[in-house]
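**Q** What follows is the file data.pdb, containing PDB, C-alpha atoms and all ligand atoms:
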ATOM      1  CA  MET Y   1      -1.505  10.626   4.851
ATOM      2  CA  LYS Y   2       1.725  12.602   4.667
ATOM      3  CA  ASN Y   3       2.450  13.361   8.325
ATOM      4  CA  ILE Y   4       3.573  10.515  10.539
ATOM      5  CA  THR Y   5       4.311  10.791  14.244
ATOM      6  CA  VAL Y   6       6.625   8.193  15.763
ATOM      7  CA  ILE Y   7       6.669   7.926  19.550
ATOM      8  CA  GLY Y   8       9.826   6.569  21.144
ATOM      9  CA  SER Y   9      13.191   7.152  19.461
ATOM     10  CA  GLY Y  10      15.034   4.010  20.596
ATOM     11  CA  THR Y  11      16.115   1.024  18.493
ATOM     12  CA  MET Y  12      12.787   0.731  16.667
ATOM     13  CA  GLY Y  13      11.548   4.317  16.722
ATOM     14  CA  ASN Y  14      14.617   5.672  14.950
ATOM     15  CA  GLY Y  15      14.384   2.932  12.306
ATOM     16  CA  ILE Y  16      10.676   3.621  11.709
ATOM     17  CA  ALA Y  17      11.313   7.386  11.468
ATOM     18  CA  HIS Y  18      14.234   6.761   9.072
ATOM     19  CA  THR Y  19      12.135   4.518   6.804
ATOM     20  CA  PHE Y  20       9.089   6.817   6.564
ATOM     21  CA  ALA Y  21      11.282   9.886   5.968
ATOM     22  CA  GLN Y  22      13.256   8.053   3.275
ATOM     23  CA  TYR Y  23       9.970   7.302   1.474
ATOM     24  CA  GLY Y  24       8.942  10.971   1.468
ATOM     25  CA  PHE Y  25       6.791  11.264   4.599
ATOM     26  CA  GLU Y  26       7.127  14.173   7.038
ATOM     27  CA  VAL Y  27       8.052  12.612  10.366
ATOM     28  CA  SER Y  28       7.659  13.980  13.894
ATOM     29  CA  LEU Y  29       9.755  11.918  16.278
ATOM     30  CA  VAL Y  30       8.727  12.171  19.945
ATOM     31  CA  ASP Y  31      10.558  10.966  23.050
ATOM     32  CA  ILE Y  32      10.456  11.902  26.723
ATOM     33  CA  SER Y  33      14.259  12.022  26.603
ATOM     34  CA  GLY Y  34      16.000  14.807  24.669
ATOM     35  CA  ASP Y  35      19.170  12.774  24.882
ATOM     36  CA  ALA Y  36      17.476   9.789  23.197
ATOM     37  CA  LEU Y  37      16.285  12.090  20.392
ATOM     38  CA  SER Y  38      19.813  13.429  19.767
ATOM     39  CA  LYS Y  39      21.187   9.883  19.693
ATOM     40  CA  ALA Y  40      18.391   8.812  17.333
ATOM     41  CA  LEU Y  41      19.205  11.589  14.839
ATOM     42  CA  GLN Y  42      22.863  10.597  14.971
ATOM     43  CA  THR Y  43      22.009   6.919  14.416
ATOM     44  CA  ILE Y  44      19.711   7.747  11.489
ATOM     45  CA  SER Y  45      22.421   9.921   9.941
ATOM     46  CA  ASN Y  46      25.022   7.149  10.385
ATOM     47  CA  ASN Y  47      22.716   4.519   8.907
ATOM     48  CA  LEU Y  48      21.839   6.729   5.923
ATOM     49  CA  GLY Y  49      25.569   7.348   5.468
ATOM     50  CA  ARG Y  50      26.076   3.611   5.278
ATOM     51  CA  GLN Y  51      23.367   3.345   2.614
ATOM     52  CA  VAL Y  52      25.149   6.083   0.616
ATOM     53  CA  LYS Y  53      28.461   4.192   0.877
ATOM     54  CA  LYS Y  54      26.745   1.020  -0.352
ATOM     55  CA  GLY Y  55      25.289   2.975  -3.274
ATOM     56  CA  THR Y  56      21.648   2.199  -2.382
ATOM     57  CA  ILE Y  57      20.802   5.913  -1.934
ATOM     58  CA  THR Y  58      22.452   9.173  -2.990
ATOM     59  CA  GLU Y  59      23.916  11.877  -0.728
ATOM     60  CA  GLU Y  60      20.969  14.054  -1.801
ATOM     61  CA  VAL Y  61      18.420  11.455  -0.594
ATOM     62  CA  LYS Y  62      20.275  11.310   2.731
ATOM     63  CA  THR Y  63      20.040  15.111   3.133
ATOM     64  CA  GLU Y  64      16.352  15.173   2.124
ATOM     65  CA  THR Y  65      15.520  12.282   4.452
ATOM     66  CA  LEU Y  66      17.128  14.006   7.439
ATOM     67  CA  SER Y  67      15.350  17.285   6.595
ATOM     68  CA  ARG Y  68      11.955  15.520   6.882
ATOM     69  CA  ILE Y  69      12.491  14.488  10.525
ATOM     70  CA  ARG Y  70      11.604  16.877  13.349
ATOM     71  CA  VAL Y  71      12.012  15.995  16.999
ATOM     72  CA  PHE Y  72       9.777  16.770  19.997
ATOM     73  CA  THR Y  73       9.740  16.053  23.707
ATOM     74  CA  ASP Y  74       6.120  17.236  23.993
ATOM     75  CA  LEU Y  75       3.572  14.621  22.884
ATOM     76  CA  ALA Y  76       0.772  17.080  22.036
ATOM     77  CA  GLU Y  77       3.074  19.195  19.878
ATOM     78  CA  GLY Y  78       4.561  16.182  18.117
ATOM     79  CA  ALA Y  79       1.212  14.477  17.413
ATOM     80  CA  GLN Y  80      -1.020  17.407  16.545
ATOM     81  CA  ASN Y  81      -0.721  17.166  12.719
ATOM     82  CA  ALA Y  82      -0.411  13.398  12.424
ATOM     83  CA  GLY Y  83      -2.458  11.300   9.988
ATOM     84  CA  LEU Y  84      -0.914   8.224  11.551
ATOM     85  CA  VAL Y  85       0.784   7.776  14.905
ATOM     86  CA  ILE Y  86       3.130   4.832  15.420
ATOM     87  CA  GLU Y  87       4.009   4.204  19.026
ATOM     88  CA  ALA Y  88       7.406   2.552  19.598
ATOM     89  CA  ALA Y  89       7.973   3.424  23.254
ATOM     90  CA  THR Y  90       9.325   1.054  25.894
ATOM     91  CA  GLU Y  91       7.574  -2.363  26.008
ATOM     92  CA  ASN Y  92       5.554  -1.647  29.151
ATOM     93  CA  GLN Y  93       1.774  -1.917  29.224
ATOM     94  CA  GLU Y  94       1.287   0.959  31.671
ATOM     95  CA  ILE Y  95       3.351   3.336  29.496
ATOM     96  CA  LYS Y  96       1.494   2.330  26.336
ATOM     97  CA  LEU Y  97      -2.002   2.601  27.868
ATOM     98  CA  LYS Y  98      -1.208   6.069  29.189
ATOM     99  CA  LEU Y  99       0.168   7.163  25.807
ATOM    100  CA  PHE Y 100      -2.847   5.893  23.849
ATOM    101  CA  LYS Y 101      -5.291   7.526  26.258
ATOM    102  CA  GLN Y 102      -3.444  10.838  25.737
ATOM    103  CA  LEU Y 103      -3.261  10.335  21.951
ATOM    104  CA  SER Y 104      -6.981   9.679  21.830
ATOM    105  CA  GLU Y 105      -7.519  13.131  23.377
ATOM    106  CA  ILE Y 106      -4.905  14.912  21.215
ATOM    107  CA  CYS Y 107      -5.669  13.432  17.762
ATOM    108  CA  ASN Y 108      -8.882  13.808  15.789
ATOM    109  CA  GLU Y 109     -11.174  10.835  15.249
ATOM    110  CA  ASN Y 110      -9.791   9.915  11.790
ATOM    111  CA  VAL Y 111      -6.229   9.445  12.931
ATOM    112  CA  ILE Y 112      -4.972   5.854  12.920
ATOM    113  CA  LEU Y 113      -3.164   4.944  16.128
ATOM    114  CA  ALA Y 114      -0.698   2.099  15.604
ATOM    115  CA  SER Y 115       1.576   0.340  18.061
ATOM    116  CA  ASN Y 116       4.858  -1.362  17.248
ATOM    117  CA  THR Y 117       4.483  -3.490  20.387
ATOM    118  CA  SER Y 118       6.100  -6.923  20.214
ATOM    119  CA  SER Y 119       3.464  -8.566  22.375
ATOM    120  CA  ILE Y 120       1.074  -6.309  24.282
ATOM    121  CA  SER Y 121      -2.581  -6.836  23.332
ATOM    122  CA  ILE Y 122      -3.779  -4.392  20.648
ATOM    123  CA  THR Y 123      -7.333  -4.969  21.907
ATOM    124  CA  LYS Y 124      -6.257  -3.879  25.388
ATOM    125  CA  ILE Y 125      -4.462  -0.792  24.037
ATOM    126  CA  ALA Y 126      -7.521   0.073  21.903
ATOM    127  CA  SER Y 127      -9.832  -0.240  24.901
ATOM    128  CA  VAL Y 128      -8.472   2.962  26.486
ATOM    129  CA  THR Y 129      -9.070   5.041  23.324
ATOM    130  CA  LYS Y 130     -12.233   6.772  22.077
ATOM    131  CA  HIS Y 131     -12.149   5.035  18.679
ATOM    132  CA  PRO Y 132     -10.886   1.445  19.108
ATOM    133  CA  GLY Y 133     -11.670   0.700  15.450
ATOM    134  CA  ASN Y 134      -8.752   2.997  14.515
ATOM    135  CA  VAL Y 135      -6.177   1.151  16.631
ATOM    136  CA  ILE Y 136      -3.922  -1.459  15.028
ATOM    137  CA  GLY Y 137      -0.576  -3.208  15.476
ATOM    138  CA  MET Y 138       2.156  -2.290  13.015
ATOM    139  CA  HIS Y 139       4.993  -4.565  14.086
ATOM    140  CA  PHE Y 140       8.188  -3.684  12.244
ATOM    141  CA  MET Y 141      11.264  -5.887  12.513
ATOM    142  CA  ASN Y 142      14.750  -4.819  13.501
ATOM    143  CA  PRO Y 143      16.620  -3.217  11.711
ATOM    144  CA  VAL Y 144      13.569  -1.481  10.247
ATOM    145  CA  PRO Y 145      15.176   0.021   7.103
ATOM    146  CA  VAL Y 146      16.398  -3.456   6.100
ATOM    147  CA  MET Y 147      13.759  -5.985   7.198
ATOM    148  CA  LYS Y 148      10.885  -6.609   4.785
ATOM    149  CA  LEU Y 149       8.211  -7.864   7.169
ATOM    150  CA  VAL Y 150       5.512  -5.793   8.844
ATOM    151  CA  GLU Y 151       3.234  -7.940  11.022
ATOM    152  CA  VAL Y 152      -0.097  -6.100  10.890
ATOM    153  CA  ILE Y 153      -2.178  -6.987  13.942
ATOM    154  CA  ARG Y 154      -5.937  -6.589  13.962
ATOM    155  CA  GLY Y 155      -7.342  -5.898  17.402
ATOM    156  CA  TYR Y 156     -10.828  -7.204  18.223
ATOM    157  CA  ALA Y 157     -12.385  -3.915  17.049
ATOM    158  CA  THR Y 158      -9.956  -2.848  14.281
ATOM    159  CA  THR Y 159     -11.933  -1.982  11.144
ATOM    160  CA  ASP Y 160     -11.371  -3.483   7.681
ATOM    161  CA  ALA Y 161     -10.701   0.010   6.299
ATOM    162  CA  VAL Y 162      -7.963   0.739   8.844
ATOM    163  CA  THR Y 163      -6.381  -2.684   8.236
ATOM    164  CA  GLU Y 164      -6.385  -2.162   4.463
ATOM    165  CA  THR Y 165      -4.888   1.344   4.836
ATOM    166  CA  ILE Y 166      -2.017   0.025   6.955
ATOM    167  CA  MET Y 167      -1.397  -2.968   4.649
ATOM    168  CA  GLU Y 168      -1.224  -0.582   1.668
ATOM    169  CA  LEU Y 169       0.962   1.935   3.508
ATOM    170  CA  SER Y 170       3.416  -0.840   4.428
ATOM    171  CA  ARG Y 171       3.682  -1.773   0.738
ATOM    172  CA  THR Y 172       4.382   1.908  -0.050
ATOM    173  CA  LEU Y 173       7.444   1.595   2.211
ATOM    174  CA  GLY Y 174       8.668  -1.401   0.181
ATOM    175  CA  LYS Y 175       7.622  -3.835   2.919
ATOM    176  CA  ASP Y 176       5.698  -7.111   2.747
ATOM    177  CA  PRO Y 177       2.892  -6.885   5.331
ATOM    178  CA  VAL Y 178       1.213  -9.972   6.812
ATOM    179  CA  GLU Y 179      -2.170  -9.690   8.566
ATOM    180  CA  VAL Y 180      -2.592 -11.611  11.841
ATOM    181  CA  ASN Y 181      -5.055 -11.665  14.726
ATOM    182  CA  ASP Y 182      -4.487 -10.326  18.218
ATOM    183  CA  TYR Y 183      -3.417 -13.176  20.516
ATOM    184  CA  PRO Y 184      -0.368 -13.206  22.841
ATOM    185  CA  GLY Y 185       2.881 -12.850  20.902
ATOM    186  CA  PHE Y 186       0.896 -12.589  17.629
ATOM    187  CA  VAL Y 187       2.767 -14.917  15.196
ATOM    188  CA  ALA Y 188       6.374 -13.671  15.116
ATOM    189  CA  ASN Y 189       7.142 -13.693  18.823
ATOM    190  CA  ARG Y 190       4.929 -16.641  19.709
ATOM    191  CA  ILE Y 191       7.292 -18.751  17.618
ATOM    192  CA  LEU Y 192      10.574 -16.844  18.039
ATOM    193  CA  MET Y 193      10.618 -16.275  21.811
ATOM    194  CA  PRO Y 194      10.177 -19.911  22.898
ATOM    195  CA  MET Y 195      13.144 -20.719  20.622
ATOM    196  CA  ILE Y 196      15.297 -17.980  22.185
ATOM    197  CA  ASN Y 197      14.205 -19.027  25.693
ATOM    198  CA  GLU Y 198      15.090 -22.655  24.916
ATOM    199  CA  ALA Y 199      18.528 -21.547  23.651
ATOM    200  CA  ILE Y 200      19.066 -19.720  26.975
ATOM    201  CA  TYR Y 201      17.934 -22.818  28.923
ATOM    202  CA  THR Y 202      20.391 -24.890  26.864
ATOM    203  CA  LEU Y 203      23.197 -22.538  27.957
ATOM    204  CA  TYR Y 204      21.904 -22.375  31.580
ATOM    205  CA  GLU Y 205      21.856 -26.172  31.848
ATOM    206  CA  GLY Y 206      25.411 -26.401  30.503
ATOM    207  CA  VAL Y 207      24.514 -28.380  27.406
ATOM    208  CA  ALA Y 208      26.768 -26.112  25.315
ATOM    209  CA  GLY Y 209      28.407 -22.654  25.267
ATOM    210  CA  VAL Y 210      27.182 -19.442  23.619
ATOM    211  CA  GLN Y 211      29.221 -19.882  20.426
ATOM    212  CA  GLU Y 212      28.316 -23.558  20.124
ATOM    213  CA  ILE Y 213      24.570 -22.973  20.478
ATOM    214  CA  ASP Y 214      24.590 -20.172  17.921
ATOM    215  CA  THR Y 215      26.783 -22.138  15.517
ATOM    216  CA  VAL Y 216      24.426 -25.146  15.631
ATOM    217  CA  MET Y 217      21.470 -22.956  14.692
ATOM    218  CA  LYS Y 218      23.371 -20.960  12.053
ATOM    219  CA  LEU Y 219      25.062 -23.816  10.242
ATOM    220  CA  GLY Y 220      22.529 -26.536  10.982
ATOM    221  CA  MET Y 221      19.279 -24.657  10.470
ATOM    222  CA  ALA Y 222      20.487 -21.987   8.013
ATOM    223  CA  HIS Y 223      19.528 -19.166  10.399
ATOM    224  CA  PRO Y 224      21.403 -15.962   9.487
ATOM    225  CA  MET Y 225      22.378 -15.510  13.142
ATOM    226  CA  GLY Y 226      22.167 -17.645  16.267
ATOM    227  CA  PRO Y 227      19.315 -17.221  18.796
ATOM    228  CA  LEU Y 228      21.595 -15.820  21.530
ATOM    229  CA  GLN Y 229      23.048 -13.161  19.259
ATOM    230  CA  LEU Y 230      19.549 -12.353  18.056
ATOM    231  CA  ALA Y 231      18.367 -12.012  21.684
ATOM    232  CA  ASP Y 232      21.217  -9.555  22.312
ATOM    233  CA  PHE Y 233      20.172  -7.519  19.283
ATOM    234  CA  ILE Y 234      16.494  -7.490  20.260
ATOM    235  CA  GLY Y 235      17.369  -6.540  23.860
ATOM    236  CA  LEU Y 236      17.194  -9.044  26.715
ATOM    237  CA  ASP Y 237      14.716  -6.831  28.588
ATOM    238  CA  VAL Y 238      12.419  -6.886  25.543
ATOM    239  CA  CYS Y 239      12.757 -10.699  25.296
ATOM    240  CA  LEU Y 240      11.893 -11.073  28.989
ATOM    241  CA  ALA Y 241       8.880  -8.756  28.696
ATOM    242  CA  ILE Y 242       7.528 -10.732  25.716
ATOM    243  CA  LEU Y 243       7.994 -14.088  27.472
ATOM    244  CA  LYS Y 244       6.067 -12.732  30.465
ATOM    245  CA  VAL Y 245       3.191 -11.729  28.167
ATOM    246  CA  LEU Y 246       3.134 -15.230  26.621
ATOM    247  CA  HIS Y 247       3.341 -16.852  30.068
ATOM    248  CA  ASP Y 248       0.541 -14.707  31.506
ATOM    249  CA  GLY Y 249      -1.578 -14.754  28.345
ATOM    250  CA  PHE Y 250      -1.657 -18.522  27.845
ATOM    251  CA  GLY Y 251      -1.084 -19.603  31.474
ATOM    252  CA  ASN Y 252       1.199 -22.318  30.120
ATOM    253  CA  PRO Y 253       4.482 -23.073  31.987
ATOM    254  CA  LYS Y 254       6.250 -23.781  28.689
ATOM    255  CA  TYR Y 255       6.651 -20.011  28.293
ATOM    256  CA  ALA Y 256       8.294 -19.435  31.730
ATOM    257  CA  PRO Y 257      11.405 -17.251  31.212
ATOM    258  CA  CYS Y 258      14.726 -18.955  31.944
ATOM    259  CA  PRO Y 259      16.190 -17.813  35.317
ATOM    260  CA  LEU Y 260      19.452 -16.912  33.528
ATOM    261  CA  LEU Y 261      17.580 -14.410  31.345
ATOM    262  CA  VAL Y 262      15.912 -12.931  34.446
ATOM    263  CA  ASN Y 263      19.324 -12.599  36.161
ATOM    264  CA  MET Y 264      20.966 -10.939  33.165
ATOM    265  CA  VAL Y 265      18.169  -8.369  32.875
ATOM    266  CA  THR Y 266      18.259  -7.689  36.637
ATOM    267  CA  ALA Y 267      22.033  -7.136  36.374
ATOM    268  CA  GLY Y 268      21.515  -4.639  33.518
ATOM    269  CA  HIS Y 269      23.170  -6.826  30.860
ATOM    270  CA  LEU Y 270      20.568  -6.110  28.198
ATOM    271  CA  GLY Y 271      22.535  -7.049  25.070
ATOM    272  CA  ALA Y 272      23.938  -4.813  22.315
ATOM    273  CA  LYS Y 273      22.341  -1.641  23.655
ATOM    274  CA  THR Y 274      24.242  -1.854  26.953
ATOM    275  CA  GLY Y 275      27.416  -3.290  25.417
ATOM    276  CA  SER Y 276      27.016  -6.645  27.133
ATOM    277  CA  GLY Y 277      24.688  -9.626  26.858
ATOM    278  CA  PHE Y 278      25.619 -13.092  25.649
ATOM    279  CA  TYR Y 279      28.351 -11.300  23.662
ATOM    280  CA  LYS Y 280      30.321  -8.065  24.213
ATOM    281  CA  TYR Y 281      29.664  -5.050  21.961
ATOM    282  CA  THR Y 282      31.261  -1.735  21.086
ATOM    283  CA  ALA Y 283      30.354   0.361  24.134
ATOM    284  CA  GLY Y 284      26.640   1.111  24.270
ATOM    285  CA  SER Y 285      26.118   0.769  20.512
ATOM    286  CA  LYS Y 286      22.495   0.305  19.480
ATOM    287  CA  ASP Y 287      23.370   0.681  15.820
ATOM    288  CA  LEU Y 288      22.149  -2.709  14.716
ATOM    289  CA  ILE Y 289      22.389  -2.356  10.973
ATOM    290  CA  VAL Y 290      25.879  -3.811  10.994
ATOM    291  CA  ALA Y 291      25.439  -7.360  12.172
ATOM    292  CA  ASP Y 292      29.156  -8.058  12.543
ATOM    293  CA  LYS Y 293      29.705  -5.604  15.365
ATOM    294  CA  PHE Y 294      29.987  -8.072  18.174
ATOM    295  CA  SER Y 295      33.083  -9.770  19.442
ATOM    296  CA  ALA Y 296      32.658 -12.768  21.643
TER     297      ALA Y 296
HETATM  298  N1  LIG A 301      14.031  -4.131  19.785
HETATM  299  C1  LIG A 301      13.449  -4.886  18.881
HETATM  300  O1  LIG A 301      14.093  -5.687  18.178
HETATM  301  C2  LIG A 301      11.971  -4.774  18.639
HETATM  302  C3  LIG A 301      11.418  -5.367  17.492
HETATM  303  C4  LIG A 301      10.067  -5.176  17.222
HETATM  304  C5  LIG A 301       9.273  -4.437  18.096
HETATM  305  N2  LIG A 301       9.838  -3.883  19.219
HETATM  306  C6  LIG A 301       8.964  -3.080  20.087
HETATM  307  O2  LIG A 301       9.213  -1.707  19.802
HETATM  308  C7  LIG A 301       8.993  -0.924  20.983
HETATM  309  C8  LIG A 301      10.250  -0.126  21.283
HETATM  310  O3  LIG A 301      11.315  -1.015  21.515
HETATM  311  P1  LIG A 301      12.833  -0.530  21.426
HETATM  312  O4  LIG A 301      13.653  -1.771  21.351
HETATM  313  O5  LIG A 301      12.964   0.510  20.364
HETATM  314  O6  LIG A 301      13.002   0.140  22.868
HETATM  315  P2  LIG A 301      14.142   1.153  23.359
HETATM  316  O7  LIG A 301      14.317   0.915  24.803
HETATM  317  O8  LIG A 301      15.335   1.108  22.457
HETATM  318  O9  LIG A 301      13.462   2.613  23.134
HETATM  319  C9  LIG A 301      12.292   3.008  23.797
HETATM  320  C10 LIG A 301      12.229   4.536  23.769
HETATM  321  O10 LIG A 301      10.926   4.928  24.254
HETATM  322  C11 LIG A 301      11.104   6.111  25.010
HETATM  323  N3  LIG A 301       9.928   6.309  25.855
HETATM  324  C12 LIG A 301       9.582   5.658  26.997
HETATM  325  N4  LIG A 301       8.411   6.146  27.472
HETATM  326  C13 LIG A 301       8.004   7.114  26.599
HETATM  327  C14 LIG A 301       6.881   7.984  26.548
HETATM  328  N5  LIG A 301       5.936   7.962  27.473
HETATM  329  N6  LIG A 301       6.806   8.868  25.523
HETATM  330  C15 LIG A 301       7.770   8.912  24.561
HETATM  331  N7  LIG A 301       8.856   8.110  24.565
HETATM  332  C16 LIG A 301       8.975   7.220  25.558
HETATM  333  C17 LIG A 301      12.415   5.897  25.767
HETATM  334  O11 LIG A 301      12.959   7.122  26.217
HETATM  335  C18 LIG A 301      13.270   5.206  24.688
HETATM  336  O12 LIG A 301      14.018   6.162  23.942
HETATM  337  C19 LIG A 301       8.598  -1.911  22.078
HETATM  338  O13 LIG A 301       7.194  -1.962  22.152
HETATM  339  C20 LIG A 301       9.182  -3.223  21.580
HETATM  340  O14 LIG A 301       8.487  -4.331  22.085
HETATM  341  C21 LIG A 301      11.172  -4.018  19.519
END
Show the structure stored in the file as structure tokens.

**A**
Amino acid sequence: MKNITVIGSGTMGNGIAHTFAQYGFEVSLVDISGDALSKALQTISNNLGRQVKKGTITEEVKTETLSRIRVFTDLAEGAQNAGLVIEAATENQEIKLKLFKQLSEICNENVILASNTSSISITKIASVTKHPGNVIGMHFMNPVPVMKLVEVIRGYATTDAVTETIMELSRTLGKDPVEVNDYPGFVANRILMPMINEAIYTLYEGVAGVQEIDTVMKLGMAHPMGPLQLADFIGLDVCLAILKVLHDGFGNPKYAPCPLLVNMVTAGHLGAKTGSGFYKYTAGSKDLIVADKFSA
């Protein structure tokens, strides 16, 4: 498996493309937006440049990594030679179902189709494909080149062989994969999102301010960053979408998104990627490798 196709070149897609290319894979990066693809290549180049400065890779590795990434706006062209497709498009069920139906037509029957979805059912995604046994969740964390975890999600029909291949491939990338079953939010977001939502409720109810809430969790619970800053980095639209999946999936009011989160997303304040969320950011920067970019 040498050829990897990554679909979606946003926050996660560019990190996934970067990581596979750095480990020697040929990567086809696909997006409906040519503009997003140009930005992704720039972000990858900047992030590799930072790794060179830190001394973790050489200038030569940076050049080789960039040379292994090709970009496409046409899905069929970008996916035709793939041994593995990793979908990291917008967190929207309709978009993902349409993409997987198309991929199932484009790719041959041995190709593994993975989704980086934070919360949408892998079983549901698999149900629109011809070979649901080949569909799996490969949930990378942000920023992908840095974070060690890959949450590997087995859909109802995912085969043992496909699961083992993806676990092994994740280890090849220097990651530590963890296998989980397909229920709303899987493990990571089932635990993380209620905490973020509760932090937003705490702000909404005036218990404390943004800085205070984040400081309590950083200094008191030894979290590397506060939940509100983390929400900004994840994207408030992504947080809202995941909470809706938990709310719908379990039918439990404890997952109801805080009205303040709903308002902020409606107003287009989506966090770091729009320059404004609970904190203010360098205009429109989605370059999340540097965690000290915000000013509050
Ligand atoms: N942001 C995070 O911290 C995070 C962490 C883990 C998983 N995820 C998941 O990763 C996925 C991507 O999230 P993101 O934060 O990178 O989103 P993003 O908004 O930064 O990027 C999404 C990209 O998908 C593209 N896109 C939309 N429809 C497409 C289509 N039909 N074909 C090709 N490209 C398409 C958009 O143009 C955009 O460039 C989501 O499923 C999200 O839940 C996000």

**Q** Listing only residues of chain Y within 8 Å of ligand LIG 301 (chain A), what is the closest atom pair and its distance in Å (to one decimal) for each, using all atoms listed in the file, sorted by chain and residue number ascending, as a Markdown table?

**A**
| residue | atom | partner | partner_atom | distance |
| --- | --- | --- | --- | --- |
| Y:Ile7 | CA | A:LIG301 | C15 | 5.2 |
| Y:Gly8 | CA | A:LIG301 | O10 | 3.7 |
| Y:Ser9 | CA | A:LIG301 | O12 | 4.7 |
| Y:Gly10 | CA | A:LIG301 | O9 | 3.3 |
| Y:Thr11 | CA | A:LIG301 | O5 | 3.7 |
| Y:Met12 | CA | A:LIG301 | O5 | 3.7 |
| Y:Gly13 | CA | A:LIG301 | O5 | 5.5 |
| Y:Asn14 | CA | A:LIG301 | O5 | 7.7 |
| Y:Val30 | CA | A:LIG301 | C15 | 5.7 |
| Y:Asp31 | CA | A:LIG301 | N7 | 3.7 |
| Y:Ile32 | CA | A:LIG301 | C15 | 4.6 |
| Y:Ser33 | CA | A:LIG301 | O11 | 5.1 |
| Y:Ala36 | CA | A:LIG301 | O12 | 5.1 |
| Y:Leu37 | CA | A:LIG301 | O12 | 7.3 |
| Y:Thr73 | CA | A:LIG301 | C15 | 7.5 |
| Y:Leu75 | CA | A:LIG301 | N6 | 7.1 |
| Y:Glu87 | CA | A:LIG301 | C7 | 7.4 |
| Y:Ala88 | CA | A:LIG301 | C7 | 4.1 |
| Y:Ala89 | CA | A:LIG301 | O10 | 3.5 |
| Y:Thr90 | CA | A:LIG301 | C9 | 4.1 |
| Y:Glu91 | CA | A:LIG301 | O13 | 3.9 |
| Y:Asn92 | CA | A:LIG301 | O13 | 7.2 |
| Y:Ile95 | CA | A:LIG301 | N5 | 5.7 |
| Y:Lys96 | CA | A:LIG301 | N5 | 7.3 |
| Y:Lys98 | CA | A:LIG301 | N5 | 7.6 |
| Y:Leu99 | CA | A:LIG301 | N5 | 6.1 |
| Y:Ser115 | CA | A:LIG301 | O13 | 7.3 |
| Y:Asn116 | CA | A:LIG301 | O2 | 5.1 |
| Y:Thr117 | CA | A:LIG301 | O13 | 3.6 |
| Y:Ser118 | CA | A:LIG301 | O14 | 4.0 |
| Y:Ser119 | CA | A:LIG301 | O14 | 6.6 |
| Y:Ile120 | CA | A:LIG301 | O13 | 7.8 |
| Y:His139 | CA | A:LIG301 | C5 | 5.9 |
| Y:Phe140 | CA | A:LIG301 | C4 | 5.5 |
| Y:Met141 | CA | A:LIG301 | C4 | 4.9 |
| Y:Asn142 | CA | A:LIG301 | O1 | 4.8 |
| Y:Pro143 | CA | A:LIG301 | O1 | 7.4 |
| Y:Phe233 | CA | A:LIG301 | O1 | 6.4 |
| Y:Ile234 | CA | A:LIG301 | O1 | 3.7 |
| Y:Gly235 | CA | A:LIG301 | N1 | 5.8 |
| Y:Val238 | CA | A:LIG301 | O14 | 5.8 |
| Y:Ala241 | CA | A:LIG301 | O14 | 8.0 |
| Y:Ile242 | CA | A:LIG301 | O14 | 7.4 |
| Y:Lys273 | CA | A:LIG301 | O8 | 7.6 |
| Y:Lys286 | CA | A:LIG301 | O8 | 7.8 |

**Q** Between Y:Tyr255, Y:Arg154, Y:Ala272, Y:Val178, which is the closest to Met195 of chain Y once you count all atoms listed in the file?

**A**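 Once distances to Met195 of chain Y are computed over all atoms listed in the file, the minimum belongs to Y:Tyr255.
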
**Q** One decimal, Å: what's the distance from atom CA of Asn181 of chain Y over to atom CA of Glu109 of chain Y, could you say?

**A** 23.3 Å

**Q** Using the chain letters and numbers from the file, which residues does the PyMOL selection byres (((chain Y and resi 130) around 12) and not hetatm) grab, as a list in words?

**A** Phe100, Lys101, Gln102, Leu103, Ser104, Glu105, Ile106, Cys107, Asn108, Glu109, Asn110, Val111, Ile112, Leu113, Ile125, Ala126, Ser127, Val128, Thr129, His131, Pro132, Gly133, Asn134, Val135 and Ala157 of chain Y

**Q** In terms of the shortest atom-to-atom distance over all atoms listed in the file, which of Y:Thr163, Y:Thr65, Y:Gln51, Y:Gln42 is closest to Phe25 of chain Y?

**A**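 Smallest distance to Phe25 of chain Y is found for Y:Thr65.
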
**Q** What's around Lys62 of chain Y at 9 Å? Count only C-alpha atoms, leave out sequence neighbours fewer than 4 positions away in its own chain, and write the answer as a list in words.

**A** Gln22, Ser45, Leu48, Gly49, Gln51, Val52, Ile57, Thr58, Leu66 and Ser67 of chain Y

**Q** Nearest residue to Gly251 of chain Y out of Y:Pro184, Y:Val207, Y:Lys175, Y:Gln229, using only C-alpha atoms?

**A**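 Closest residue, counting only C-alpha atoms: Y:Pro184.
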
**Q** Work out how far atom CA of Asn263 of chain Y is from atom CA of Phe186 of chain Y, in Å to one decimal.

**A**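 A separation of 26.1 Å between them.
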
**Q** Leaving out Met225 of chain Y and any residue of its chain fewer than 6 positions from it, which residues lie within 10 Å of it when counting all atoms listed in the file, given as a list of chain:residue names?

**A** Y:Asp214, Y:Thr215, Y:Met217, Y:Lys218, Y:Leu219, Y:Ala291

**Q** To one decimal place, how far is atom CA of Asp182 of chain Y from atom CA of Ile153 of chain Y in Å?

**A**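 The value is 5.9 Å.
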